[in-house]
$ cat coords-v6.csv   # CSV, C-alpha atoms
chain,number,residue,atom,x,y,z
A,841,PRO,CA,0.0,0.0,0.0
A,842,ALA,CA,1.1,3.5,-0.7
A,843,LYS,CA,2.6,5.6,2.1
A,844,ALA,CA,1.9,9.2,3.0
A,845,GLN,CA,5.0,11.3,3.2
A,846,GLY,CA,5.9,14.7,4.5
A,847,PRO,CA,4.2,17.0,7.0
A,848,GLY,CA,0.5,17.7,6.5
A,849,VAL,CA,-1.1,21.1,6.3
A,850,LEU,CA,-4.1,21.6,8.6
A,851,MET,CA,-7.1,22.6,6.3
A,852,LYS,CA,-8.9,25.9,7.1
A,853,PHE,CA,-12.6,26.4,6.5
A,854,SER,CA,-14.8,29.5,6.7
A,855,PRO,CA,-17.7,29.5,9.2
A,856,GLU,CA,-20.1,29.2,6.2
A,857,ASP,CA,-18.3,26.1,5.0
A,858,LEU,CA,-18.5,24.5,8.4
A,859,LEU,CA,-22.2,25.2,8.7
A,860,LEU,CA,-23.0,23.8,5.3
A,861,GLU,CA,-20.9,20.7,6.0
A,862,ARG,CA,-22.5,20.2,9.5
A,863,GLU,CA,-26.0,20.4,7.9
A,864,ARG,CA,-25.0,17.8,5.2
A,865,ILE,CA,-23.6,15.5,7.9
A,866,ARG,CA,-26.7,15.9,10.0
A,867,LEU,CA,-28.9,14.8,7.2
A,868,GLU,CA,-26.7,11.9,6.2
A,869,GLU,CA,-26.3,10.7,9.8
A,870,ARG,CA,-30.1,10.4,9.9
A,871,ALA,CA,-30.0,8.2,6.8
A,872,THR,CA,-27.0,6.2,8.2
A,873,LEU,CA,-28.8,5.5,11.5
A,874,GLU,CA,-31.8,4.2,9.6
A,875,ARG,CA,-29.6,2.0,7.5
A,876,GLN,CA,-27.8,0.7,10.6
A,877,LYS,CA,-31.0,-0.2,12.2
A,878,ARG,CA,-32.2,-2.1,9.2
A,879,ASP,CA,-28.9,-3.9,9.0
A,880,ARG,CA,-28.9,-4.9,12.6
A,881,ASP,CA,-32.4,-6.1,12.5
A,882,LYS,CA,-31.3,-8.8,10.1
A,883,LYS,CA,-30.5,-11.8,12.3
A,884,GLY,CA,-27.2,-13.6,11.5
A,885,ILE,CA,-25.8,-10.9,9.1
A,886,ALA,CA,-22.1,-11.4,8.7
A,887,GLY,CA,-20.1,-8.8,10.6
A,888,GLY,CA,-23.2,-7.6,12.5
A,889,LYS,CA,-22.2,-8.1,16.1
A,890,ARG,CA,-22.1,-5.1,18.4
A,891,LEU,CA,-18.8,-3.8,19.9
A,892,SER,CA,-18.5,-3.5,23.7
A,893,ASP,CA,-17.6,-0.1,25.2
A,894,SER,CA,-14.1,-1.3,25.8
A,895,GLU,CA,-13.7,-2.5,22.2
A,896,TRP,CA,-15.0,0.9,20.9
A,897,ASP,CA,-12.5,2.7,23.1
A,898,LYS,CA,-9.7,0.5,21.7
A,899,LEU,CA,-10.7,1.1,18.1
A,900,GLU,CA,-11.0,4.8,18.5
A,901,GLN,CA,-7.6,4.9,20.3
A,902,LEU,CA,-6.0,3.0,17.4
A,903,LEU,CA,-7.5,5.4,14.9
A,904,ARG,CA,-6.3,8.4,16.8
A,905,MET,CA,-2.8,7.1,17.2
A,906,ILE,CA,-2.3,5.6,13.7
A,907,ARG,CA,0.5,7.2,11.6
A,908,GLY,CA,1.9,6.4,8.2
A,909,THR,CA,4.2,3.8,9.6
A,910,ARG,CA,4.0,0.1,9.1
A,911,SER,CA,3.8,-0.7,12.8
A,912,THR,CA,0.8,1.5,13.6
A,913,VAL,CA,-1.2,0.4,10.5
A,914,LEU,CA,-0.4,-3.2,11.3
A,915,GLU,CA,-1.6,-2.9,14.8
A,916,ALA,CA,-4.9,-1.4,13.8
A,917,MET,CA,-5.4,-3.9,10.9
A,918,VAL,CA,-4.8,-6.9,13.3
A,919,PHE,CA,-7.5,-5.5,15.6
A,920,CYS,CA,-9.9,-5.2,12.8
A,921,LEU,CA,-9.2,-8.7,11.4
A,922,ASP,CA,-9.5,-10.2,14.9
A,923,HIS,CA,-12.9,-8.6,15.1
A,924,CYS,CA,-14.4,-9.5,11.7
A,925,ASP,CA,-17.7,-10.4,13.3
A,926,TRP,CA,-18.0,-6.7,14.2
A,927,ALA,CA,-17.2,-5.5,10.6
A,928,ILE,CA,-20.2,-3.3,10.2
A,929,GLU,CA,-19.6,-1.1,13.2
A,930,ILE,CA,-15.8,-1.1,12.7
A,931,THR,CA,-16.3,0.0,9.0
A,932,GLU,CA,-18.7,2.7,10.1
A,933,CYS,CA,-16.2,4.0,12.7
A,934,ILE,CA,-13.3,4.1,10.2
A,935,ALA,CA,-15.5,5.7,7.5
A,936,GLU,CA,-16.6,8.4,10.0
A,937,SER,CA,-12.9,9.0,10.9
A,938,LEU,CA,-12.1,9.6,7.2
A,939,THR,CA,-14.8,12.2,6.8
A,940,ILE,CA,-14.0,14.6,9.6
A,941,LEU,CA,-13.3,18.0,8.0
A,942,GLU,CA,-10.7,19.2,10.5
A,943,THR,CA,-8.5,16.0,10.2
A,944,ASP,CA,-5.2,16.8,8.5
A,945,TRP,CA,-4.0,14.8,5.5
A,946,PRO,CA,-1.3,12.7,7.1
A,947,LEU,CA,-3.8,11.2,9.5
A,948,LYS,CA,-6.4,10.7,6.7
A,949,MET,CA,-3.9,9.0,4.5
A,950,ALA,CA,-2.8,6.7,7.4
A,951,ARG,CA,-6.4,5.7,7.9
A,952,LEU,CA,-6.8,5.1,4.2
A,953,MET,CA,-3.7,2.9,4.3
A,954,LEU,CA,-5.5,0.9,7.1
A,955,VAL,CA,-8.6,0.5,4.8
A,956,SER,CA,-6.3,-0.7,2.0
A,957,ASP,CA,-4.6,-3.3,4.2
A,958,ILE,CA,-8.0,-4.6,5.6
A,959,LEU,CA,-9.3,-4.9,2.0
A,960,HIS,CA,-6.2,-6.8,1.0
A,961,ASN,CA,-6.8,-9.3,3.7
A,962,THR,CA,-10.6,-9.8,3.0
A,963,ALA,CA,-9.8,-13.0,1.1
A,964,SER,CA,-8.1,-14.5,4.2
A,965,SER,CA,-9.4,-17.6,5.9
A,966,ARG,CA,-10.7,-15.6,8.9
A,967,PRO,CA,-14.4,-16.0,9.3
A,968,ALA,CA,-16.5,-13.0,8.0
A,969,ALA,CA,-13.3,-11.2,6.8
A,970,TRP,CA,-15.1,-10.8,3.5
A,971,ALA,CA,-17.7,-8.6,5.2
A,972,TYR,CA,-15.3,-5.8,5.3
A,973,ARG,CA,-15.2,-5.6,1.5
A,974,ARG,CA,-19.0,-5.6,1.4
A,975,GLU,CA,-19.2,-2.8,4.0
A,976,PHE,CA,-16.4,-0.6,2.5
A,977,GLU,CA,-17.9,-1.0,-0.9
A,978,ARG,CA,-20.9,0.8,0.6
A,979,SER,CA,-18.9,3.5,2.4
A,980,LEU,CA,-16.1,4.4,0.0
A,981,PRO,CA,-18.2,6.5,-2.4
A,982,ASP,CA,-19.1,8.8,0.6
A,983,ILE,CA,-15.4,8.9,1.7
A,984,PHE,CA,-14.1,9.8,-1.8
A,985,GLU,CA,-16.7,12.5,-2.4
A,986,HIS,CA,-15.6,14.0,1.0
A,987,PHE,CA,-11.9,13.8,-0.1
A,988,HIS,CA,-12.7,15.9,-3.2
A,989,ILE,CA,-14.2,18.6,-1.0
A,990,CYS,CA,-11.1,18.7,1.2
A,991,VAL,CA,-8.6,18.6,-1.6
A,992,SER,CA,-10.4,21.4,-3.5
A,993,ARG,CA,-10.2,23.6,-0.4
A,994,GLU,CA,-6.5,23.1,0.1
A,995,GLU,CA,-4.7,26.5,0.1
A,996,SER,CA,-1.6,25.0,-1.5
A,997,ARG,CA,-2.1,23.7,-5.1
A,998,LEU,CA,1.1,21.7,-4.8
A,999,GLN,CA,-0.3,20.0,-1.6
A,1000,ALA,CA,-3.6,19.3,-3.3
A,1001,ASP,CA,-2.0,17.7,-6.3
A,1002,LYS,CA,0.3,15.6,-4.1
A,1003,VAL,CA,-2.6,14.3,-2.0
A,1004,ARG,CA,-4.7,13.6,-5.1
A,1005,GLY,CA,-1.8,11.7,-6.6
A,1006,GLU,CA,-1.3,9.6,-3.5
A,1007,ILE,CA,-5.0,8.6,-3.3
A,1008,CYS,CA,-5.1,7.8,-7.1
A,1009,ARG,CA,-2.0,5.5,-6.6
A,1010,ILE,CA,-3.9,3.6,-3.9
A,1011,LEU,CA,-6.9,3.2,-6.2
A,1012,LYS,CA,-4.5,1.8,-8.9
A,1013,ILE,CA,-3.3,-0.7,-6.3
A,1014,TRP,CA,-6.8,-1.7,-5.6
A,1015,GLU,CA,-7.5,-2.2,-9.2
A,1016,ASP,CA,-4.4,-4.3,-9.6
A,1017,TRP,CA,-5.5,-6.4,-6.7
A,1018,GLY,CA,-8.9,-6.9,-8.3
A,1019,LEU,CA,-10.7,-5.8,-5.2
A,1020,PHE,CA,-13.6,-4.1,-7.0
A,1021,ALA,CA,-14.8,-3.9,-10.6
A,1022,PRO,CA,-12.9,-1.4,-12.8
A,1023,GLN,CA,-16.1,0.6,-13.3
A,1024,TYR,CA,-16.4,1.0,-9.5
A,1025,ILE,CA,-12.8,2.2,-9.2
A,1026,ARG,CA,-13.3,4.7,-11.9
A,1027,GLY,CA,-16.3,6.1,-10.0
A,1028,LEU,CA,-14.2,6.6,-6.9
A,1029,GLU,CA,-11.6,8.3,-9.0
A,1030,ALA,CA,-14.2,10.6,-10.6
A,1031,ALA,CA,-15.6,11.5,-7.1
A,1032,LEU,CA,-12.1,12.5,-6.1
A,1033,VAL,CA,-11.0,14.3,-9.2
A,1034,VAL,CA,-14.2,15.9,-10.5
A,1035,GLY,CA,-16.5,15.9,-7.5
A,1036,VAL,CA,-20.2,16.6,-8.0
A,1037,VAL,CA,-21.5,18.6,-11.0
A,1038,ARG,CA,-24.6,20.3,-9.8
A,1039,LEU,CA,-26.4,20.9,-13.1
A,1040,ARG,CA,-29.6,22.5,-11.8
A,1041,VAL,CA,-27.5,25.1,-9.8
A,1042,LEU,CA,-25.3,25.8,-12.8
A,1043,ALA,CA,-28.3,26.1,-15.1
A,1044,ALA,CA,-29.9,28.6,-12.8
A,1045,LYS,CA,-26.8,30.7,-13.1
A,1046,GLY,CA,-26.9,30.4,-16.9
A,1047,ASP,CA,-24.0,28.0,-17.0
A,1048,CYS,CA,-24.5,25.0,-19.3
A,1049,SER,CA,-20.7,24.4,-19.8
A,1050,ARG,CA,-21.0,21.0,-17.9
A,1051,GLU,CA,-23.6,19.7,-20.3
A,1052,PRO,CA,-21.5,19.2,-23.5
A,1053,ALA,CA,-23.2,18.0,-26.7
A,1054,TRP,CA,-21.6,14.5,-26.4
A,1055,LEU,CA,-23.3,14.0,-23.0
A,1056,GLU,CA,-26.8,15.1,-24.1
A,1057,PRO,CA,-28.1,11.6,-25.2
A,1058,LYS,CA,-27.1,10.1,-21.8
A,1059,LEU,CA,-28.6,13.0,-19.9
A,1060,ALA,CA,-31.9,12.6,-21.8
A,1061,ASP,CA,-31.9,8.9,-21.0
A,1062,TRP,CA,-31.1,9.3,-17.3
A,1063,ARG,CA,-33.8,11.9,-16.9
A,1064,ARG,CA,-36.4,9.6,-18.3
A,1065,GLN,CA,-35.6,6.9,-15.8
A,1066,HIS,CA,-37.0,6.3,-12.3
A,1067,PHE,CA,-34.6,7.4,-9.5
A,1068,SER,CA,-34.4,3.8,-8.3
A,1069,GLN,CA,-32.8,2.8,-11.6
A,1070,LEU,CA,-30.3,5.7,-11.2
A,1071,GLU,CA,-29.5,4.5,-7.7
A,1072,LYS,CA,-28.5,1.1,-9.1
A,1073,MET,CA,-26.4,2.8,-11.8
A,1074,CYS,CA,-24.6,4.9,-9.2
A,1075,ARG,CA,-24.0,2.0,-6.9
A,1076,THR,CA,-22.3,-0.1,-9.6
A,1077,ARG,CA,-20.2,2.9,-10.7
A,1078,GLY,CA,-18.7,3.6,-7.2
A,1079,LEU,CA,-20.8,6.7,-6.7
A,1080,ARG,CA,-22.9,7.7,-3.8
A,1081,SER,CA,-26.4,6.3,-4.3
A,1082,SER,CA,-28.4,6.6,-1.1
A,1083,THR,CA,-31.0,9.5,-1.4
A,1084,ALA,CA,-32.8,8.9,1.9
A,1085,HIS,CA,-31.4,12.1,3.4
A,1086,LEU,CA,-33.0,14.3,0.6
A,1087,GLU,CA,-36.1,16.4,1.1
A,1088,ASN,CA,-38.5,18.1,-1.3
A,1089,THR,CA,-38.6,21.9,-1.7
A,1090,LYS,CA,-41.2,24.3,-3.0
A,1091,GLU,CA,-39.5,24.2,-6.4
A,1092,VAL,CA,-38.6,20.5,-6.7
A,1093,SER,CA,-40.5,17.4,-5.8
A,1094,LEU,CA,-38.8,14.7,-3.8
A,1095,GLU,CA,-38.5,12.4,-6.8
A,1096,GLU,CA,-37.0,15.2,-8.9
A,1097,ALA,CA,-34.6,16.1,-6.1
A,1098,ARG,CA,-33.4,12.5,-6.0
A,1099,LYS,CA,-33.0,12.2,-9.8
A,1100,ASP,CA,-31.1,15.5,-9.9
A,1101,TRP,CA,-28.8,14.4,-7.1
A,1102,LEU,CA,-28.0,11.1,-8.8
A,1103,VAL,CA,-27.7,12.5,-12.3
A,1104,ASP,CA,-25.1,15.1,-11.0
A,1105,ARG,CA,-22.9,12.2,-9.9
A,1106,LEU,CA,-23.4,10.2,-13.1
A,1107,VAL,CA,-22.4,13.3,-15.0
A,1108,ALA,CA,-19.1,13.6,-13.0
A,1109,HIS,CA,-18.4,9.9,-13.8
A,1110,GLU,CA,-18.9,10.5,-17.5
A,1111,ILE,CA,-16.9,13.7,-17.6
A,1112,HIS,CA,-14.0,12.1,-15.9
A,1113,ALA,CA,-14.0,9.1,-18.2
A,1114,HIS,CA,-14.2,11.5,-21.2
A,1115,GLN,CA,-11.3,13.6,-20.0
A,1116,LYS,CA,-9.2,10.5,-19.4
A,1117,GLU,CA,-9.9,9.2,-22.9
A,1118,GLN,CA,-9.1,12.6,-24.5
A,1119,ALA,CA,-5.8,12.7,-22.5
A,1120,ARG,CA,-5.0,9.1,-23.7
A,1121,LEU,CA,-5.8,10.0,-27.3
A,1122,ALA,CA,-3.7,13.2,-27.1
A,1123,SER,CA,-0.8,11.3,-25.6
A,1124,SER,CA,-1.0,8.6,-28.3
A,1125,SER,CA,-1.2,11.3,-31.0
A,1126,SER,CA,1.8,13.1,-29.6
A,1127,GLY,CA,3.8,9.9,-29.3
A,1128,GLY,CA,3.0,8.9,-32.9
A,1129,PHE,CA,4.1,12.3,-34.2
A,1130,THR,CA,7.4,12.1,-32.3
A,1131,ARG,CA,8.1,8.7,-33.8
A,1132,ARG,CA,7.3,9.8,-37.3
A,1133,ALA,CA,9.4,12.9,-36.9
A,1134,SER,CA,12.3,10.7,-35.6
A,1135,GLY,CA,11.9,8.2,-38.4
A,1136,GLY,CA,11.9,10.9,-41.1
A,1137,ALA,CA,14.9,12.7,-39.8
$ encode --input "coords-v6.csv" --output "structure tokens"
Amino acid sequence: PAKAQGPGVLMKFSPEDLLLERERIRLEERATLERQKRDRDKKGIAGGKRLSDSEWDKLEQLLRMIRGTRSTVLEAMVFCLDHCDWAIEITECIAESLTILETDWPLKMARLMLVSDILHNTASSRPAAWAYRREFERSLPDIFEHFHICVSREESRLQADKVRGEICRILKIWEDWGLFAPQYIRGLEAALVVGVVRLRVLAAKGDCSREPAWLEPKLADWRRQHFSQLEKMCRTRGLRSSTAHLENTKEVSLEEARKDWLVDRLVAHEIHAHQKEQARLASSSSGGFTRRASGGA
């Protein structure tokens, strides 16, 4: 797994940023609690046992003390694998620790390294170890969308590029390991690099730049579908898909709000894929020109 290097820069946010983020977290916590209740009502679900107070304290201490060193990551990973039957609560705790605004990047990266090591060992012979992959597959889209917010607000462009590059390298490792489908990995990368493209907000400002002509057929198709179908599409693409936290407004019905929310994320996925393809074609064209020029010299 990749290793975070160098000192971190503590991110600074305006009071307005913090208020918006806290409101977003409040709504999502409500949806998360509902999901947790549903999960724990299922008798015998793998990884569904409840941690004791002392186990919670130990886990939280490990997450506070973890650093980008092999020994601290290993200690936390061993605890997690020794407690596979508690995978749901452990994953939720780790995911929450990765989406705290005020946490600096070295600590976030160390915790992401822990996730990487846990995922690498989900094929082990330990009972219920596979439950971690199931749970992180649900949580990672939220985590990576949060990463985009934090990276985009970095004061240092150099630091932002460095962090983004480190996270993308971890994604490449996961792809090489075959942990998730390539489409899912691309979605996590899109959430990190592009973020969320809020088309309705942009359109209200007269900005249609994020609705290029090549995307229009897909947009038309998505907007014809029921939001439940869009949720499935987002889920398989590694994008956030739960819309339980959304509410209707005077201008937009609940179903339209859900569709807009999901389409915004599908658009980001397609834009990122298009940009990568254009970069590949440009690189290929540039390489071919160099070879022809060399051959004709």
$ closest_residue --input "coords-v6.csv" --among "A:Asp944, A:Glu1091, A:Glu995, A:Glu1006" --to "Glu1029 (chain A)" --atoms "all atoms listed in the file"
A:Glu1006
$ closest_residue --input "coords-v6.csv" --among "A:Ala1097, A:Ala1030, A:Arg1038, A:Glu975" --to "Gln1115 (chain A)" --atoms "all atoms listed in the file"
A:Ala1030
$ residues_around --input "coords-v6.csv" --residues "Ala935 (chain A)" --least-positions-apart "3" --cutoff "7 Å" --atoms "only C-alpha atoms" --output "VMD selection string"
chain A and resid 931 to 932 938 to 939 979 983
$ residues_around --input "coords-v6.csv" --residues "region 900-917 of chain A" --least-positions-apart "5" --cutoff "8 Å" --atoms "only C-alpha atoms" --output "list in words"
Lys843, Ala844, Gln845, Cys933, Ile934, Ser937, Pro946, Leu947, Met949, Ala950, Arg951, Met953, Leu954, Asp957 and Ile958 of chain A
$ atom_distance --input "coords-v6.csv" --atom1 "CA of Val918 (chain A)" --atom2 "CA of Pro981 (chain A)"
24.6 Å
$ atom_distance --input "coords-v6.csv" --atom1 "CA of Leu1011 (chain A)" --atom2 "CA of Ile1025 (chain A)"
6.7 Å
$ atom_distance --input "coords-v6.csv" --atom1 "CA of Asp922 (chain A)" --atom2 "CA of Glu936 (chain A)"
20.5 Å
$ residues_near_point --input "coords-v6.csv" --point "(-6.8, 3.2, -0.1)" --cutoff "7 Å" --atoms "only C-alpha atoms" --output "PyMOL selection string"
chain A and resi 952-953+955-956+1007+1010-1011
$ closest_residue --input "coords-v6.csv" --among "A:Ile885, A:Leu1059, A:Ala1000, A:Val1034" --to "Lys1116 (chain A)" --atoms "all atoms listed in the file"
A:Val1034
$ residues_around --input "coords-v6.csv" --residues "region 1067-1078 of chain A" --least-positions-apart "4" --cutoff "6 Å" --atoms "all atoms listed in the file" --output "PDB file with C-alpha atoms, keeping the file's coordinate frame"
ATOM      1  CA  PRO A 981     -18.200   6.500  -2.400  1.00  0.00           C
ATOM      2  CA  GLN A1023     -16.100   0.600 -13.300  1.00  0.00           C
ATOM      3  CA  TYR A1024     -16.400   1.000  -9.500  1.00  0.00           C
ATOM      4  CA  GLY A1027     -16.300   6.100 -10.000  1.00  0.00           C
ATOM      5  CA  LEU A1028     -14.200   6.600  -6.900  1.00  0.00           C
ATOM      6  CA  LYS A1099     -33.000  12.200  -9.800  1.00  0.00           C
TER       7      LYS A1099
END
$ residues_around --input "coords-v6.csv" --residues "Thr962 (chain A)" --least-positions-apart "6" --cutoff "8 Å" --atoms "only C-alpha atoms" --output "PyMOL selection string"
chain A and resi 969-973
$ write_last_selection --input "coords-v6.csv" --atoms "C-alpha atoms" --output "PDB file, keeping the file's coordinate frame"
ATOM      1  CA  ALA A 969     -13.300 -11.200   6.800  1.00  0.00           C
ATOM      2  CA  TRP A 970     -15.100 -10.800   3.500  1.00  0.00           C
ATOM      3  CA  ALA A 971     -17.700  -8.600   5.200  1.00  0.00           C
ATOM      4  CA  TYR A 972     -15.300  -5.800   5.300  1.00  0.00           C
ATOM      5  CA  ARG A 973     -15.200  -5.600   1.500  1.00  0.00           C
TER       6      ARG A 973
END
$ closest_residue --input "coords-v6.csv" --among "A:Asp1104, A:Glu1015, A:Glu1117, A:Asp1061" --to "Gly1035 (chain A)" --atoms "all atoms listed in the file"
A:Asp1104
$ axis_aligned_box --input "coords-v6.csv" --around "region 890-896 of chain A" --padding-each-side "6 Å" --output "AutoDock Vina command-line options"
--center_x -17.9 --center_y -2.1 --center_z 22.1 --size_x 20.4 --size_y 18.0 --size_z 19.4
